[in-house]
Each structure stands twice: as structure tokens, then as C-alpha cells.
Amino acid sequence: MELRDYVSAVRKRWWLVATTACLALVAAVVITARTAPTYAASVTFFVSTPSSGVTDAYQGGLFSQQRARSYVNLVTSDRLARAVATDPGVGLDADGVKARISARTVPDTVLLDITVLDTRSDRALRIAESVATQFAALVAVLETPPGGDSPTVRVDVVTGPRVGTDPVSPQPARNFAVALLMGLLVGAAGAVLREILDSSVRSATALRQAGGKAVLATVPLDPRARQEPLLLEDATWSPRGEAMRHLRTNLQFVDPDRRARCIVVTSALPDEGKSTIACNLAIVLAENGHRVLLIDADVRRPKLAEYLDLEGAVGLTNVLVGQVDLDTAAQPWGDRDLWVLASGSIPPNPSELLGSQQMARLLATAGEDFDYVVVDTSPLLVVTDAAVVASRADGAVLVTRAGKTTVTQVRSAVLAIDAVSARLFGCVLNGAKSGGDDAYSYAYYGTRAGAPLLKAAAAAGKPAPVTRDLDAAGRPGGR
């Protein structure tokens with residue numbers, strides 16, 4: 001991935017970054033609020049050795065620096081802690097005292113800084129005062145040679161003991177800044193990792209690369225599509241409706257030598273919107289003045305009769321077994337020349353029935369009586385029905401749900417079509433989010449601009465003004 005890919009991944013999943021940052025900030029607020037304030041008391045010692053000349057003073061200084069470094073461990077020793085704990089004003093045992101004391105040397109000096117941390121400022125000061133007394137006495141004892149009268153090293157208090165009026169922790173501003181920064185970094189890393197691990201198809205470019213076929217249309221995500229799946233009334237002039245007209249135009253030119261009359265609509269998996277695409281494709285074809293037959297060949301999970309509010313008990317399967325003929329089973333729908341052949345009774349052997357000679361004859365007969373035959377079939381990767389029907393038709397259209405279908409599933413679906421020597425006209429990206437790198441803008445054609453003109457023309461009884469579709473390469477086409 002390049003830098004722009006990382007930036008794109010973070011921008012695409014900005015909500016993940018924002019959520020992680022907010023959670024980190026909330027955690028910092030809670031931890032800061034629940035943390036007891038800690039006060040710091042300090043005292044500074046000067047370590048020295050007796051000297052009688054310049055040379056002795058230099059050597060004594062080096063010796064004092066070495067002694068000061070060793071005194072860092074002496075400050076936190078059990079012996080000093082026990083001595084401090086004997087002070088009645090401290091009120092802690094030796095382990096409690098030891099846990100509150102720390103020490104460090106000032107580099108290249110003979111100064112020793114001791115810090116006492118406690119949740120009570122008065123107790124921190126009392127411990128520091130006791131350390132100042134007991135540490136000097138302990139050094140005097142340890143540094144006095146056997147039989148000697150005076151120690152070879154002295155420690156004198158030069159600063160303190162004193163305690164700050166404000167607590168040294170927690171520090172809200174620092175905690176919040178660090179939490180926010182860490183949240184942003186973790187969120188950005190999560191967004192990039194999810195982008196790397198996400199193999200779903202989300203754009204027309206990715207779909208084209210995965211399937212190796214042209215993308216005939218990109219149907220934008222429409223929150224109303226679940227409640228209003230068909231292109232009726234206002235939905236006809238929505239961006240979704242214009243995308244379906246774009247699909248209609250592209251299908252009319254997929255083969256310049258022979259018009260595709262029998263079109264199978266399928267998908268790799270269930271719930272990718274193939275039945276809705278099939279219905280709306282039939283509607284826009286009939287809208288253009290064509291005589292259209294819509295067949296529900298998804299006999300395992302039929303949907304078209306429910307979508308179109310038609311009777312589905314008699315239909316395709318009944319025609320194939322010879323119970324009724326096509327003219328009797330087909331039902332008109334709407335005020336256009338659109339006919340619907342429902343699925344009919346659910347058979348025990350769907351694949352054998354759809355692959356029979358009766359099915360081939362039915363599609364041939366329908367192709368002579370109708371300008372277009374649109375066939376809704378089962379998902380390719382679930383059962384073999386769609387591949388069987390596609391081999392009997394002029395070609396197929398593969399519907400892919402943006403953000404759901406993976407690259408592997410798209411490739412498997414394309415291979416399933418190729419395995420039966422059927423033709424795949426191209427793919428349709430359904431439910432694409434706007435604003436992507438290859439998003440198609442329908443604002444000019446949709447409710448903002450195109451709909452008022454089309455509705456006004458329809459109300460006046462005049463022909464609708466001609467709009468222009470885009471071809472697969474994004475160039476203006478006509479219809």
C-alpha cells in the first residue's frame with residue numbers, strides 16, 4: 001500500500017478513528033477522576049569528604065560522586081526504612097515507607113535528591129523530615145571506620161525538606177492529551193488493518209478487477225430501497241432509477257452484432273439485491289416502450305410475486321411440466337407492456353427442471369413473443385440453477401453487493417458462469433456508497449434537476465425529455 005492508500009483507509013473509516021479516540025478520552029477521564037491525588041516532598045543532600053589540598057579535593061570530589069551513586073540504593077534500604085518507621089508521626093511500617101521513597105543523583109555533581117510520594121501532603125513532609133535526619137545518621141555510622149572518631153564522608157541537607165502545595169499526579173491535561181493521541185493512533189492503525197484484511201468489493205474498480213468483466217452499472221445506496229424496492233413514482237427519478245436506466249443502455253450495446261434479448265440476473269450469494277435489480281431492469285425496459293417478460297426462475301426462494309403483489313401459485317414450474325401454457329400463466333403488471341411469470345409450485349428437482357428442454361423451448365418462445373426476457377435466478381455459489389439457466393439464455397448479469405461480496409466469491413461466480421460456457425455480459429455493483437474514487441454522480445439526473453422536468457412533461461402529456469446515460473468508460477451515451 002502507498003501513502004495515499006493509508007490516508008484513504010483512514011478517511012473511509014473515520015468513524016472508527018473517532019470512536020477509538022473518544023473511548024480513550026473517556027477512559028482517561030474516568031481513570032483521572034478515580035485516581036487519588038499524590039503529593040511530593042523533597043530533600044537534597046550534599047555529599048562531601050574531608051580534603052587538605054587541591055589534589056585531595058579533586059580526588060575527594062570523585063570519591064563523593066561515587067559515594068552519592070551508592071547512596072541511591074541506601075535511601076531505599078530496609079535499614080533506613082525501619083529507622084523512619086519508628087517515627088510515631090509517620091504511621092507506616094517499613095514496607096510502606098520504602099514504597100514511598102525514591103532517590104537520584106544530579107549528574108556530574110555530589111548532590112543527592114530524595115523524593116517522597118504520598119496521597120497526604122502532611123505525611124509526605126513528615127517522612128521527608130525523618131529521612132533527612134535518619135539518612136545523615138545512617139551515613140555517619142556506615143562511613144566511620146572501626147576505631148575512628150569521625151566519618152570519612154558527610155551528608156548535609158542543602159534544600160528542604162519541603163512539600164508542594166499542588167499534587168504531582170494525576171495531571172489531567174497531560175493524561176487527556178496522551179489518551180487522545182493514543183486513541184487516534186490506535187484508531188488509524190485499526191482502520192488500516194481492517195482495510196488490509198477486508199477482501200470485500202466496495203468499488204466499481206475493485207469489481208472490475210475481481211471479475212475481469214465490465215461494470216454495467218453502479219447502483220447507489222438508497223435507504224428507502226428496503227421499504228420501496230421498485231422504481232415507482234418518485235423512486236423512478238431517483239439516482240437509483242437513473243442507475244437502472246444506465247444498466248438498460250449498456251445492455252443494449254453489449255453486443256453490437258446481436259441484441260441481448262434473454263438476460264439472466266444472478267448473484268454470488270443471497271441477499272445481494274438480484275431480485276430487485278431484475279424487477280427494476282424489467283420496469284425500465286418496459287418504460288422505454290419494449291414488450292418485456294419477467295420470469296422468476298429462483299424457484300427455491302421466489303421473491304418476484306411478493307415484490308410485484310401478484311399471485312405466485314401458478315407460474316414457471318407449472319408451464320414447464322405442461323399444466324398451463326405461457327399465455328395463461330403470465331400476468332400483466334402496471335400500465336406498461338410488462339408481463340410477469342411467477343415461479344409457480346416449488347418442485348422437488350429444481351436444477352433438472354430448469355435445465356430441461358422444456359425450459360430451453362420456453363425461453364426460445366418467449367424470445368420470439370417479447371422484445372426482452374429478464375430471468376431472476378438463484379445465487380451461483382449456493383446451487384447450480386443460475387448456471388444452468390444462463391447456459392440457455394443470451395447471457396447473464398452478475399449482481400454484487402458493495403461491502404459484502406468478497407473478491408474470491410466474485411471470481412468463483414464468474415468461473416461458475418464460464419464453466420457452463422455461458423456468457424457474462426458484466427457486473428452490477430449494488431448498494432455503492434457515494435463519494436468513492438469512482439462514484440457516479442446522479443445529481444443532474446435525479447430529484448434535484450431531472451425529476452421536475454420529467455414530472456412536468458408527464459403531467460402535460462408530452463414525451464419526457466431525453467436524458468443521457470454514461471457508458472462503461474464514463475463517457476456520455478444516448479438512449
# chains A, B, ... in the order shown; residues from 1 in each chain; ligands from 1

$ residues_around --residues "Ile31 of chain A" --least-positions-apart "4" --cutoff "10 Å" --atoms "only C-alpha atoms" --output "PyMOL selection string"
chain A and resi 25-27+35-36+170+172+175

$ write_last_selection --atoms "all heavy atoms" --output "mmCIF file, in the first residue's frame"
data_model
loop_
_atom_site.group_PDB
_atom_site.id
_atom_site.type_symbol
_atom_site.label_atom_id
_atom_site.label_comp_id
_atom_site.auth_asym_id
_atom_site.auth_seq_id
_atom_site.Cartn_x
_atom_site.Cartn_y
_atom_site.Cartn_z
ATOM 1 N N LEU A 25 -10.377 8.843 25.391
ATOM 2 C CA LEU A 25 -10.542 10.074 26.167
ATOM 3 C C LEU A 25 -11.460 9.837 27.366
ATOM 4 O O LEU A 25 -11.181 10.312 28.483
ATOM 5 C CB LEU A 25 -11.110 11.172 25.271
ATOM 6 C CG LEU A 25 -11.038 12.610 25.802
ATOM 7 C CD1 LEU A 25 -9.601 12.985 26.113
ATOM 8 C CD2 LEU A 25 -11.634 13.581 24.803
ATOM 9 N N VAL A 26 -12.542 9.085 27.155
ATOM 10 C CA VAL A 26 -13.446 8.766 28.265
ATOM 11 C C VAL A 26 -12.717 7.934 29.319
ATOM 12 O O VAL A 26 -12.874 8.159 30.534
ATOM 13 C CB VAL A 26 -14.690 8.024 27.733
ATOM 14 C CG1 VAL A 26 -15.502 7.459 28.886
ATOM 15 C CG2 VAL A 26 -15.545 8.952 26.891
ATOM 16 N N ALA A 27 -11.924 6.957 28.870
ATOM 17 C CA ALA A 27 -11.159 6.137 29.812
ATOM 18 C C ALA A 27 -10.188 6.990 30.621
ATOM 19 O O ALA A 27 -10.027 6.792 31.839
ATOM 20 C CB ALA A 27 -10.407 5.041 29.057
ATOM 21 N N THR A 35 -8.373 8.431 40.382
ATOM 22 C CA THR A 35 -7.017 8.376 40.927
ATOM 23 C C THR A 35 -6.872 9.394 42.049
ATOM 24 O O THR A 35 -7.187 10.580 41.877
ATOM 25 C CB THR A 35 -5.975 8.658 39.836
ATOM 26 O OG1 THR A 35 -6.116 7.693 38.780
ATOM 27 C CG2 THR A 35 -4.567 8.587 40.400
ATOM 28 N N ALA A 36 -6.404 8.936 43.216
ATOM 29 C CA ALA A 36 -6.217 9.839 44.354
ATOM 30 C C ALA A 36 -5.039 10.772 44.086
ATOM 31 O O ALA A 36 -4.013 10.349 43.542
ATOM 32 C CB ALA A 36 -5.961 9.024 45.622
ATOM 33 N N PRO A 170 -2.849 12.954 39.759
ATOM 34 C CA PRO A 170 -2.798 12.887 38.281
ATOM 35 C C PRO A 170 -2.695 14.275 37.653
ATOM 36 O O PRO A 170 -3.024 15.277 38.294
ATOM 37 C CB PRO A 170 -4.140 12.248 37.944
ATOM 38 C CG PRO A 170 -5.051 12.701 39.041
ATOM 39 C CD PRO A 170 -4.221 12.746 40.281
ATOM 40 N N PRO A 172 -4.383 16.031 34.674
ATOM 41 C CA PRO A 172 -5.483 15.870 33.705
ATOM 42 C C PRO A 172 -5.115 16.277 32.287
ATOM 43 O O PRO A 172 -5.410 15.543 31.337
ATOM 44 C CB PRO A 172 -6.584 16.770 34.285
ATOM 45 C CG PRO A 172 -6.280 16.845 35.747
ATOM 46 C CD PRO A 172 -4.790 16.820 35.831
ATOM 47 N N ASN A 175 -2.778 13.701 30.805
ATOM 48 C CA ASN A 175 -3.476 12.424 30.605
ATOM 49 C C ASN A 175 -4.431 12.480 29.430
ATOM 50 O O ASN A 175 -4.504 11.555 28.616
ATOM 51 C CB ASN A 175 -4.239 12.047 31.874
ATOM 52 C CG ASN A 175 -3.314 11.735 33.033
ATOM 53 O OD1 ASN A 175 -2.102 11.612 32.854
ATOM 54 N ND2 ASN A 175 -3.866 11.620 34.219
#

$ residues_around --residues "segment 203-208 of chain A" --least-positions-apart "5" --cutoff "9 Å" --atoms "only C-alpha atoms" --output "list of chain:residue names"
A:Lys213, A:Ala214, A:Val215, A:Ala217, A:Thr218, A:Thr400, A:Ala402, A:Gly403, A:Val407, A:Val410, A:Gly426, A:Cys427, A:Val428, A:Leu429, A:Ala432, A:Lys433, A:Gly436, A:Asp437, A:Asp438, A:Ala439

$ select_by_dssp --residues "segment 310-357 of chain A" --states "strand (DSSP E)" --output "ChimeraX atom specification"
/A:331-333,338-341

$ residues_around --residues "Ile295 of chain A" --least-positions-apart "2" --cutoff "8 Å" --atoms "only C-alpha atoms" --output "NGL selection string"
:A and (293 or 297 or 316 or 340-343 or 373-376)

$ write_last_selection --atoms "all heavy atoms" --output "PDB file, in the first residue's frame"
ATOM      1  N   LEU A 293     -40.920  -9.627 -20.675  1.00  0.00           N
ATOM      2  CA  LEU A 293     -41.379 -10.724 -19.836  1.00  0.00           C
ATOM      3  C   LEU A 293     -40.366 -10.917 -18.704  1.00  0.00           C
ATOM      4  O   LEU A 293     -39.173 -11.110 -18.957  1.00  0.00           O
ATOM      5  CB  LEU A 293     -41.513 -12.019 -20.636  1.00  0.00           C
ATOM      6  CG  LEU A 293     -41.870 -13.273 -19.807  1.00  0.00           C
ATOM      7  CD1 LEU A 293     -43.245 -13.118 -19.170  1.00  0.00           C
ATOM      8  CD2 LEU A 293     -41.795 -14.530 -20.669  1.00  0.00           C
ATOM      9  N   ALA A 297     -37.181 -17.450 -11.965  1.00  0.00           N
ATOM     10  CA  ALA A 297     -36.615 -18.794 -12.020  1.00  0.00           C
ATOM     11  C   ALA A 297     -35.898 -19.171 -10.728  1.00  0.00           C
ATOM     12  O   ALA A 297     -35.254 -20.219 -10.662  1.00  0.00           O
ATOM     13  CB  ALA A 297     -35.639 -18.901 -13.196  1.00  0.00           C
ATOM     14  N   LEU A 316     -43.840 -20.561 -13.577  1.00  0.00           N
ATOM     15  CA  LEU A 316     -42.822 -21.195 -14.409  1.00  0.00           C
ATOM     16  C   LEU A 316     -42.854 -22.717 -14.311  1.00  0.00           C
ATOM     17  O   LEU A 316     -42.872 -23.416 -15.335  1.00  0.00           O
ATOM     18  CB  LEU A 316     -41.440 -20.666 -14.021  1.00  0.00           C
ATOM     19  CG  LEU A 316     -40.241 -21.316 -14.695  1.00  0.00           C
ATOM     20  CD1 LEU A 316     -40.277 -21.103 -16.208  1.00  0.00           C
ATOM     21  CD2 LEU A 316     -38.933 -20.784 -14.105  1.00  0.00           C
ATOM     22  N   VAL A 340     -45.325 -10.790 -16.206  1.00  0.00           N
ATOM     23  CA  VAL A 340     -44.559 -11.476 -15.167  1.00  0.00           C
ATOM     24  C   VAL A 340     -44.977 -12.939 -15.119  1.00  0.00           C
ATOM     25  O   VAL A 340     -46.173 -13.244 -15.048  1.00  0.00           O
ATOM     26  CB  VAL A 340     -44.785 -10.826 -13.786  1.00  0.00           C
ATOM     27  CG1 VAL A 340     -43.975 -11.558 -12.718  1.00  0.00           C
ATOM     28  CG2 VAL A 340     -44.428  -9.351 -13.822  1.00  0.00           C
ATOM     29  N   LEU A 341     -43.973 -13.826 -15.150  1.00  0.00           N
ATOM     30  CA  LEU A 341     -44.203 -15.258 -14.977  1.00  0.00           C
ATOM     31  C   LEU A 341     -43.634 -15.638 -13.619  1.00  0.00           C
ATOM     32  O   LEU A 341     -42.407 -15.687 -13.439  1.00  0.00           O
ATOM     33  CB  LEU A 341     -43.528 -16.057 -16.089  1.00  0.00           C
ATOM     34  CG  LEU A 341     -43.727 -17.584 -16.035  1.00  0.00           C
ATOM     35  CD1 LEU A 341     -45.207 -17.945 -16.140  1.00  0.00           C
ATOM     36  CD2 LEU A 341     -42.921 -18.264 -17.134  1.00  0.00           C
ATOM     37  N   ALA A 342     -44.515 -15.850 -12.644  1.00  0.00           N
ATOM     38  CA  ALA A 342     -44.078 -16.188 -11.289  1.00  0.00           C
ATOM     39  C   ALA A 342     -43.408 -17.563 -11.263  1.00  0.00           C
ATOM     40  O   ALA A 342     -43.376 -18.281 -12.269  1.00  0.00           O
ATOM     41  CB  ALA A 342     -45.270 -16.139 -10.341  1.00  0.00           C
ATOM     42  N   SER A 343     -42.898 -17.939 -10.110  1.00  0.00           N
ATOM     43  CA  SER A 343     -42.153 -19.201 -10.008  1.00  0.00           C
ATOM     44  C   SER A 343     -43.070 -20.413 -10.060  1.00  0.00           C
ATOM     45  O   SER A 343     -42.676 -21.465 -10.544  1.00  0.00           O
ATOM     46  CB  SER A 343     -41.351 -19.221  -8.712  1.00  0.00           C
ATOM     47  OG  SER A 343     -42.228 -19.168  -7.595  1.00  0.00           O
ATOM     48  N   VAL A 373     -36.541 -10.661 -22.381  1.00  0.00           N
ATOM     49  CA  VAL A 373     -36.904 -11.615 -21.338  1.00  0.00           C
ATOM     50  C   VAL A 373     -35.865 -11.477 -20.226  1.00  0.00           C
ATOM     51  O   VAL A 373     -34.671 -11.701 -20.456  1.00  0.00           O
ATOM     52  CB  VAL A 373     -36.936 -13.057 -21.867  1.00  0.00           C
ATOM     53  CG1 VAL A 373     -37.277 -14.020 -20.722  1.00  0.00           C
ATOM     54  CG2 VAL A 373     -37.919 -13.193 -23.009  1.00  0.00           C
ATOM     55  N   VAL A 374     -36.318 -11.093 -19.039  1.00  0.00           N
ATOM     56  CA  VAL A 374     -35.435 -10.938 -17.877  1.00  0.00           C
ATOM     57  C   VAL A 374     -35.728 -12.077 -16.909  1.00  0.00           C
ATOM     58  O   VAL A 374     -36.880 -12.263 -16.493  1.00  0.00           O
ATOM     59  CB  VAL A 374     -35.651  -9.576 -17.191  1.00  0.00           C
ATOM     60  CG1 VAL A 374     -34.734  -9.446 -15.975  1.00  0.00           C
ATOM     61  CG2 VAL A 374     -35.397  -8.441 -18.171  1.00  0.00           C
ATOM     62  N   VAL A 375     -34.700 -12.846 -16.563  1.00  0.00           N
ATOM     63  CA  VAL A 375     -34.881 -14.040 -15.740  1.00  0.00           C
ATOM     64  C   VAL A 375     -34.141 -13.847 -14.414  1.00  0.00           C
ATOM     65  O   VAL A 375     -32.922 -13.638 -14.391  1.00  0.00           O
ATOM     66  CB  VAL A 375     -34.347 -15.295 -16.454  1.00  0.00           C
ATOM     67  CG1 VAL A 375     -34.665 -16.541 -15.624  1.00  0.00           C
ATOM     68  CG2 VAL A 375     -34.946 -15.416 -17.854  1.00  0.00           C
ATOM     69  N   ASP A 376     -34.869 -13.910 -13.312  1.00  0.00           N
ATOM     70  CA  ASP A 376     -34.274 -13.870 -11.969  1.00  0.00           C
ATOM     71  C   ASP A 376     -33.988 -15.302 -11.531  1.00  0.00           C
ATOM     72  O   ASP A 376     -34.881 -16.156 -11.545  1.00  0.00           O
ATOM     73  CB  ASP A 376     -35.237 -13.190 -10.991  1.00  0.00           C
ATOM     74  CG  ASP A 376     -34.680 -13.160  -9.584  1.00  0.00           C
ATOM     75  OD1 ASP A 376     -33.445 -13.102  -9.438  1.00  0.00           O
ATOM     76  OD2 ASP A 376     -35.483 -13.209  -8.631  1.00  0.00           O
TER      77      ASP A 376
END

$ closest_residue --among "A:Gly241, A:Gly148, A:Pro302, A:Gly183" --to "Ser378 of chain A" --atoms "only C-alpha atoms"
A:Pro302

$ atom_distance --atom1 "atom CA of Ala18 of chain A" --atom2 "atom CA of Asp222 of chain A"
24.9 Å

$ atom_distance --atom1 "atom CA of Phe425 of chain A" --atom2 "atom CA of Ala329 of chain A"
28.7 Å

$ closest_residue --among "A:Ala179, A:Leu193, A:Ala419, A:Leu424" --to "Ile263 of chain A" --atoms "only C-alpha atoms"
A:Leu424

$ residues_around --residues "Leu16 of chain A" --least-positions-apart "3" --cutoff "9 Å" --atoms "only C-alpha atoms" --output "PyMOL selection string"
chain A and resi 10+13+19-21+187-188+190-191

$ write_last_selection --atoms "N, CA and C atoms" --output "short mmCIF file (atom, residue, chain, number, x, y, z; two decimals), in the first residue's frame"
data_model
loop_
_atom_site.label_atom_id
_atom_site.label_comp_id
_atom_site.auth_asym_id
_atom_site.auth_seq_id
_atom_site.Cartn_x
_atom_site.Cartn_y
_atom_site.Cartn_z
N VAL A 10 -7.97 5.56 6.25
CA VAL A 10 -8.34 6.31 7.45
C VAL A 10 -9.55 7.19 7.18
N ARG A 13 -12.78 5.11 7.01
CA ARG A 13 -13.25 4.61 8.30
C ARG A 13 -12.96 5.64 9.39
N THR A 19 -14.26 7.06 17.08
CA THR A 19 -14.78 6.26 18.19
C THR A 19 -13.67 5.83 19.13
N THR A 20 -12.56 5.37 18.56
CA THR A 20 -11.43 4.94 19.40
C THR A 20 -10.87 6.10 20.20
N ALA A 21 -10.75 7.27 19.58
CA ALA A 21 -10.25 8.44 20.29
C ALA A 21 -11.19 8.85 21.42
N GLY A 187 -6.84 4.01 16.50
CA GLY A 187 -7.94 4.03 15.54
C GLY A 187 -7.45 4.01 14.11
N ALA A 188 -6.41 4.81 13.84
CA ALA A 188 -5.86 4.83 12.49
C ALA A 188 -5.25 3.48 12.13
N GLY A 190 -6.14 0.61 13.39
CA GLY A 190 -7.26 -0.31 13.19
C GLY A 190 -7.92 -0.14 11.84
N ALA A 191 -8.06 1.13 11.40
CA ALA A 191 -8.66 1.39 10.09
C ALA A 191 -7.81 0.82 8.96
#

$ closest_residue --among "A:Leu216, A:Val163, A:Leu23, A:Val157" --to "Leu111 of chain A" --atoms "only C-alpha atoms"
A:Val157

$ residues_around --residues "Ala94 of chain A" --least-positions-apart "6" --cutoff "12 Å" --atoms "only C-alpha atoms" --output "PDB file with C-alpha atoms, in the first residue's frame"
ATOM      1  CA  THR A  76      15.628   2.656  49.695  1.00  0.00           C
ATOM      2  CA  SER A  77      17.261   0.117  52.002  1.00  0.00           C
ATOM      3  CA  ASP A  78      15.368  -1.788  54.685  1.00  0.00           C
ATOM      4  CA  ARG A  79      17.599  -0.352  57.419  1.00  0.00           C
ATOM      5  CA  LEU A  80      16.675   3.269  56.651  1.00  0.00           C
ATOM      6  CA  ALA A  81      13.011   2.357  56.177  1.00  0.00           C
ATOM      7  CA  ARG A  82      12.884   0.698  59.611  1.00  0.00           C
ATOM      8  CA  ALA A  83      14.523   3.725  61.175  1.00  0.00           C
ATOM      9  CA  VAL A  84      11.996   6.109  59.588  1.00  0.00           C
ATOM     10  CA  ALA A  85       9.076   3.854  60.535  1.00  0.00           C
ATOM     11  CA  THR A  86       9.969   4.267  64.226  1.00  0.00           C
ATOM     12  CA  ASP A  87       8.874   7.908  63.989  1.00  0.00           C
ATOM     13  CA  ARG A 100       7.137   5.918  49.069  1.00  0.00           C
ATOM     14  CA  ILE A 101      10.818   6.885  48.833  1.00  0.00           C
ATOM     15  CA  ILE A 127       8.559  11.219  56.051  1.00  0.00           C
TER      16      ILE A 127
END

$ atom_distance --atom1 "atom CA of Ala387 of chain A" --atom2 "atom CA of Pro350 of chain A"
12.4 Å

$ closest_residue --among "A:Met244, A:Ala413, A:Val186, A:Val110" --to "Val153 of chain A" --atoms "only C-alpha atoms"
A:Val110

$ residues_around --residues "Leu117 of chain A" --least-positions-apart "2" --cutoff "12 Å" --atoms "only C-alpha atoms" --output "ChimeraX atom specification"
/A:36-42,96-103,114-115,119-128,162-164,167-169

$ closest_residue --among "A:Leu354, A:Gly211, A:Lys303, A:Trp237" --to "Ile417 of chain A" --atoms "only C-alpha atoms"
A:Gly211

$ closest_atom_pairs --of "segment 350-421 of chain A" --to "segment 318-326 of chain A" --cutoff "10 Å" --atoms "only C-alpha atoms" --output "Markdown table"
| residue | atom | partner | partner_atom | distance |
| --- | --- | --- | --- | --- |
| A:Leu353 | CA | A:Leu320 | CA | 7.4 |
| A:Leu354 | CA | A:Leu320 | CA | 8.4 |
| A:Ser356 | CA | A:Leu320 | CA | 8.5 |
| A:Gln357 | CA | A:Leu320 | CA | 9.1 |
| A:Gln358 | CA | A:Leu320 | CA | 5.7 |
| A:Met359 | CA | A:Leu320 | CA | 6.4 |
| A:Ala360 | CA | A:Leu320 | CA | 9.8 |
| A:Arg361 | CA | A:Leu320 | CA | 9.3 |
| A:Leu362 | CA | A:Leu320 | CA | 7.7 |
| A:Thr365 | CA | A:Leu326 | CA | 9.1 |
| A:Ala366 | CA | A:Leu326 | CA | 8.4 |

$ decode --residues "segment 30-45 of chain A" --atoms "N, CA and C atoms" --output "PDB file, in the first residue's frame"
ATOM      1  N   VAL A  30     -12.154   8.906  33.280  1.00  0.00           N
ATOM      2  CA  VAL A  30     -12.569   8.042  34.384  1.00  0.00           C
ATOM      3  C   VAL A  30     -11.375   7.694  35.276  1.00  0.00           C
ATOM      4  N   ILE A  31     -10.265   7.314  34.653  1.00  0.00           N
ATOM      5  CA  ILE A  31      -9.074   6.949  35.444  1.00  0.00           C
ATOM      6  C   ILE A  31      -8.565   8.143  36.224  1.00  0.00           C
ATOM      7  N   THR A  32      -8.534   9.320  35.605  1.00  0.00           N
ATOM      8  CA  THR A  32      -8.065  10.526  36.286  1.00  0.00           C
ATOM      9  C   THR A  32      -8.969  10.874  37.466  1.00  0.00           C
ATOM     10  N   ALA A  33     -10.288  10.740  37.251  1.00  0.00           N
ATOM     11  CA  ALA A  33     -11.234  11.067  38.326  1.00  0.00           C
ATOM     12  C   ALA A  33     -11.130  10.092  39.489  1.00  0.00           C
ATOM     13  N   ARG A  34     -10.799   8.843  39.206  1.00  0.00           N
ATOM     14  CA  ARG A  34     -10.739   7.816  40.249  1.00  0.00           C
ATOM     15  C   ARG A  34      -9.356   7.719  40.905  1.00  0.00           C
ATOM     16  N   THR A  35      -8.373   8.431  40.382  1.00  0.00           N
ATOM     17  CA  THR A  35      -7.017   8.376  40.927  1.00  0.00           C
ATOM     18  C   THR A  35      -6.872   9.394  42.049  1.00  0.00           C
ATOM     19  N   ALA A  36      -6.404   8.936  43.216  1.00  0.00           N
ATOM     20  CA  ALA A  36      -6.217   9.839  44.354  1.00  0.00           C
ATOM     21  C   ALA A  36      -5.039  10.772  44.086  1.00  0.00           C
ATOM     22  N   PRO A  37      -5.137  12.048  44.472  1.00  0.00           N
ATOM     23  CA  PRO A  37      -4.020  12.987  44.273  1.00  0.00           C
ATOM     24  C   PRO A  37      -2.786  12.556  45.060  1.00  0.00           C
ATOM     25  N   THR A  38      -1.634  12.713  44.461  1.00  0.00           N
ATOM     26  CA  THR A  38      -0.368  12.347  45.088  1.00  0.00           C
ATOM     27  C   THR A  38       0.499  13.595  45.232  1.00  0.00           C
ATOM     28  N   TYR A  39       1.048  13.793  46.450  1.00  0.00           N
ATOM     29  CA  TYR A  39       1.888  14.964  46.732  1.00  0.00           C
ATOM     30  C   TYR A  39       3.340  14.514  46.861  1.00  0.00           C
ATOM     31  N   ALA A  40       4.258  15.430  46.545  1.00  0.00           N
ATOM     32  CA  ALA A  40       5.683  15.105  46.562  1.00  0.00           C
ATOM     33  C   ALA A  40       6.412  16.013  47.536  1.00  0.00           C
ATOM     34  N   ALA A  41       7.158  15.386  48.444  1.00  0.00           N
ATOM     35  CA  ALA A  41       8.059  16.113  49.347  1.00  0.00           C
ATOM     36  C   ALA A  41       9.484  15.783  48.952  1.00  0.00           C
ATOM     37  N   SER A  42      10.388  16.755  49.049  1.00  0.00           N
ATOM     38  CA  SER A  42      11.756  16.535  48.576  1.00  0.00           C
ATOM     39  C   SER A  42      12.770  17.102  49.566  1.00  0.00           C
ATOM     40  N   VAL A  43      13.950  16.498  49.491  1.00  0.00           N
ATOM     41  CA  VAL A  43      15.087  16.964  50.270  1.00  0.00           C
ATOM     42  C   VAL A  43      16.346  16.661  49.475  1.00  0.00           C
ATOM     43  N   THR A  44      17.336  17.590  49.511  1.00  0.00           N
ATOM     44  CA  THR A  44      18.575  17.433  48.750  1.00  0.00           C
ATOM     45  C   THR A  44      19.768  17.425  49.703  1.00  0.00           C
ATOM     46  N   PHE A  45      20.642  16.428  49.504  1.00  0.00           N
ATOM     47  CA  PHE A  45      21.838  16.282  50.326  1.00  0.00           C
ATOM     48  C   PHE A  45      23.081  16.642  49.517  1.00  0.00           C
TER      49      PHE A  45
END
